[in-house]
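Working notes for the structure below.
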Amino acid sequence: MKEIFWNSIAEYNAATWPWQLAFMSVATVLTLILWFRPRTWAKVAMKIYMVTVSLWMAFVYYMTFAASREYSNVMAIFWCLMAASWIYDLVTRFSTFQKSGKYRPWGIIMLILPLAYPAVSLLRGCEFPFMTTPMLPSAVALYMLGMLMAFNRKINFFAFILILHWAVTAISKIRIFGIPEDAILAAACIPSMVIFYLQMLDTCRRDLKPSYGPVKILIFAVAAVLAGCMAIA
Amino acid sequence: MTHEYMVEIADFIARYLSYMLGAGVHTSRVVRNSKRLGKALGVDVSIHTSQKTATLTVSSGTGDRDTRVLDIPAFPISFEWNADLSALSWAAHDRRMTLEEVRTKFDELVSKPGMNPVFVLFMVSLANASFCRLFGGDIWAMLITFTATMTGFFTRQHLMKNKVNHYIVFIVSAFVASICASSALSLGIETAEIALATSVLYLVPGVPLINGLIDITDGHIQIGISRLVNAFMLIVCIAIGMSITLMMVKDSLL
């Protein structure tokens with residue numbers, strides 16, 4: 001199982017590295033435009049990019065190169081669901097890709113973190129193409145999470161919950177497929193979970209039951225349990 | 001008792017019983033409580049209930065009566081209203097409260113704050129993860145059930161907020177939760193199928209099922225059957241959502 005997993009990554013990397021570079025270049029340009037000179041067209045373009053990259057993961061990565069893995073179609077459907085969440089966001093114009101001023105350093109770190117994937121692989125002694133790249137599903141999920149964190153005034157929460165689910169599967173992949181790089185996504189997702197749910201809690205009416213304090217404790221407790229599971233993995 | 005005062009009592013009891021039926025209280029308790037409340041206020045109460053409406057007749061000892069047909073509003077299931085409003089009928093009976101006092105207390109009880117949606121989201125997800133454990137799932141299956149339920153339940157909250165038809169809400173939520181839980185299959189987790197099966201348990205309409213059975217055994221056959229049919233329709237919707245996932249993932253329903 002582990003061998004099939006790494007072989008499919010190697011085939012994907014060997015065949016698509018120019019495309020991967022192109023995707024990364026587009027992501028970098030759009031992120032810089034949104035950061036320094038935000039424009040409406042750039043926000044729309046970023047959402048279209050999110051849809052495209054999700055569909056790339058579904059059809060190119062899972063349906064083509066990882067097709068030999070068991071139940072790869074499940075993962076392809078999951079990434080189609082991710083694409084659907086961004087299409088819904090694009091149509092309803094829900095998320096604004098606007099900075100709120102909060103968590104800025106954390107957002108910058110998370111946007112850079114996908115680049116840590118190949119770095120960790122190289123440090124582990126892996127060689128191209130048998131290594132992780134920023135255009136693998138977990139790294140892409142991490143980039144999406146970084147975008148949500150960096151531009152967190154009004155976020156696509158449905159996409160965030162899907163990323164959270166992906167991070168949980170990543171925790172189990174660390175042990176099952178021997179891919180320690182996925183710890184980066186899992187580790188980044190836990191504080192993000194706390195931040196985004198506390199933000200969601202802030203938008204709720206204050207007179208609801210239970211009050212703010214106990215719900216906050218619950219969020220922290222669940223985050224601690226997830227962190228504990230990651231430590232076990 | 002003047003006719004106007006009797007109409008005021010009828011107005012209040014109509015509100016009381018529509019709130020109780022709307023909040024998912026079983027029929028015999030609603031009838032019993034309403035009759036008790038009526039007795040405490042000096043009137044006789046007769047009620048006929050159906051799924052969407054109720055007919056109420058209030059009569060005074062002098063032969064004066066007032067009959068009305070009420071729409072039953074669709075409130076979220078509330079055990080708190082069930083307990084509080086039942087206690088109110090006893091308080092009115094035991095302490096001989098006036099109509100004004102009962103009405104004030106009622107308004108106070110029904111305007112209590114609602115549940116925090118974030119809290120509900122987390123608790124439902126934790127409950128489903130616990131079900132996964134009860135059915136033999138391991139820690140990885142539990143984690144996946146937790147986030148799969150969270151995704152499905154968030155979808156449900158969002159669609160319900162946008163007033164989407166609740167049958168469609170059930171189909172979509174069951175599909176989203178089960179497709180997320182099926183990611184456990186691709187990881188080769190031994191108890192992946194338990195995660196898949198338990199990810200949709202939060203949608204099971206337990207209260208209508210129990211109320212339907214209680215209503216039938218208490219002799220309220222019509223509303224009992226209506227509630228069971230309603231619950232059955234929701235179960236069919238869960239089955240449709242889950243079947244879509246199974247057909248896509250495993251090419252079969254078993």
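Letters for chains follow the order of the structure tokens (A, B, ...), residue numbers begin at 1 for each chain, and ligand numbers begin at 1 in the order shown.
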Can you list every residue of chain A that has an atom at most 10 Å from chain B, with its nearest atom pair and the distance in Å to one decimal, using only C-alpha atoms, ordered by chain then number, as a Markdown table?
```
| residue | atom | partner | partner_atom | distance |
| --- | --- | --- | --- | --- |
| A:Met1 | CA | B:Gly188 | CA | 8.8 |
| A:Arg69 | CA | B:Ser186 | CA | 7.8 |
| A:Glu70 | CA | B:Ser186 | CA | 5.8 |
| A:Tyr71 | CA | B:Ser186 | CA | 4.9 |
| A:Ser72 | CA | B:Ser186 | CA | 6.5 |
| A:Asn73 | CA | B:Val249 | CA | 6.7 |
| A:Val74 | CA | B:Val249 | CA | 5.9 |
| A:Met75 | CA | B:Ser183 | CA | 6.5 |
| A:Ile77 | CA | B:Ile179 | CA | 7.7 |
| A:Phe78 | CA | B:Cys180 | CA | 6.8 |
| A:Leu81 | CA | B:Val176 | CA | 8.3 |
| A:Phe157 | CA | B:Phe154 | CA | 9.1 |
| A:Phe158 | CA | B:Thr151 | CA | 7.5 |
| A:Ala159 | CA | B:Thr151 | CA | 9.5 |
| A:Phe160 | CA | B:Thr151 | CA | 9.5 |
| A:Ile161 | CA | B:Thr151 | CA | 5.9 |
| A:Leu162 | CA | B:Thr151 | CA | 6.7 |
| A:Ile163 | CA | B:Thr147 | CA | 9.8 |
| A:Leu164 | CA | B:Thr147 | CA | 7.1 |
| A:His165 | CA | B:Thr147 | CA | 5.2 |
| A:Trp166 | CA | B:Thr147 | CA | 8.8 |
| A:Ala167 | CA | B:Thr147 | CA | 9.6 |
| A:Val168 | CA | B:Ile144 | CA | 6.6 |
| A:Thr169 | CA | B:Ile144 | CA | 6.9 |
| A:Ala170 | CA | B:Leu187 | CA | 9.6 |
| A:Ile171 | CA | B:Trp140 | CA | 8.7 |
| A:Ser172 | CA | B:Trp140 | CA | 6.5 |
| A:Lys173 | CA | B:Leu187 | CA | 7.0 |
| A:Ile176 | CA | B:Leu187 | CA | 7.3 |
| A:Phe177 | CA | B:Leu187 | CA | 8.5 |
| A:Tyr197 | CA | B:Val118 | CA | 7.5 |
| A:Leu198 | CA | B:Val118 | CA | 9.1 |
| A:Met200 | CA | B:Val118 | CA | 7.5 |
| A:Leu201 | CA | B:Val118 | CA | 6.5 |
| A:Cys204 | CA | B:Asn116 | CA | 7.4 |
| A:Arg205 | CA | B:Asn116 | CA | 8.2 |
| A:Arg206 | CA | B:Asn116 | CA | 9.0 |
| A:Asp207 | CA | B:Pro113 | CA | 5.9 |
| A:Leu208 | CA | B:Pro113 | CA | 5.0 |
| A:Lys209 | CA | B:Met115 | CA | 4.8 |
| A:Pro210 | CA | B:Asn116 | CA | 6.5 |
| A:Ser211 | CA | B:Asn116 | CA | 8.0 |
| A:Tyr212 | CA | B:Asn116 | CA | 8.9 |
| A:Pro214 | CA | B:Phe119 | CA | 8.9 |
| A:Val215 | CA | B:Phe119 | CA | 5.9 |
| A:Lys216 | CA | B:Phe119 | CA | 9.0 |
| A:Leu218 | CA | B:Phe119 | CA | 7.9 |
| A:Ile219 | CA | B:Phe122 | CA | 7.8 |
| A:Val222 | CA | B:Phe122 | CA | 8.5 |
| A:Val225 | CA | B:Leu143 | CA | 9.7 |
| A:Leu226 | CA | B:Leu143 | CA | 8.1 |
| A:Cys229 | CA | B:Ile139 | CA | 8.2 |
| A:Ala233 | CA | B:Trp140 | CA | 9.8 |
```
DSSP on the backbone: which residues in stretch 21-223 of chain B end up as alpha helix (DSSP H)? Give the answer as a VMD selection string.
chain B and resid 21 to 22 27 to 41 79 to 95 99 to 110 117 to 134 139 to 161 166 to 181 183 to 186 192 to 198 206 to 217 221 to 223
Calculate how many Å separate atom CA of B:Arg65 from atom CA of B:Leu37, rounding to one decimal.
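Between these atoms lies a distance of 16.4 Å.
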From a DSSP pass on the backbone, collect the residues of stretch 7-242 of chain B flagged as strand (DSSP E) and hand them back as a PyMOL selection string.
chain B and resi 44-49+53-59+65-71
Two-atom distance - atom CA of B:Glu101, atom CA of B:Tyr16 (Å):
13.9 Å
Please provide the set of residues having any atom within 9 Å of B:Ala74, restricted to only C-alpha atoms, with same-chain residues fewer than 3 positions apart removed, written as a list of chain:residue names.
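The filter keeps B:Tyr19, B:Leu21, B:Gly22, B:Ala23, B:Gly24, B:Lys52, B:Ile77.
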Got a sec: who's within 9 Å of B:Ala197, counting only C-alpha atoms, leaving out chain neighbours fewer than 6 positions off, as a PyMOL selection string?
chain B and resi 132+178+181+242
So which residues touch stretch 88-103 of chain A within 6 Å, counting only C-alpha atoms, skipping near sequence neighbours fewer than 3 positions away, as a list in words?
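Contacts, with the query itself left out: Ser85, Trp106, Phe151, Asn152, Arg153, Lys154, Ile155 and Asn156 of chain A.
Ranking A:Phe23, A:Phe128, A:Tyr117, A:Trp86 by their shortest atom-to-atom distance to A:Ile184, with only C-alpha atoms included, puts A:Tyr117 first.
Comparing the minimum interatomic distances between A:Ala14 and each of A:Val194, A:Met131, A:Ala141, A:Ala224, counting only C-alpha atoms, we find that A:Met131 sits nearest.
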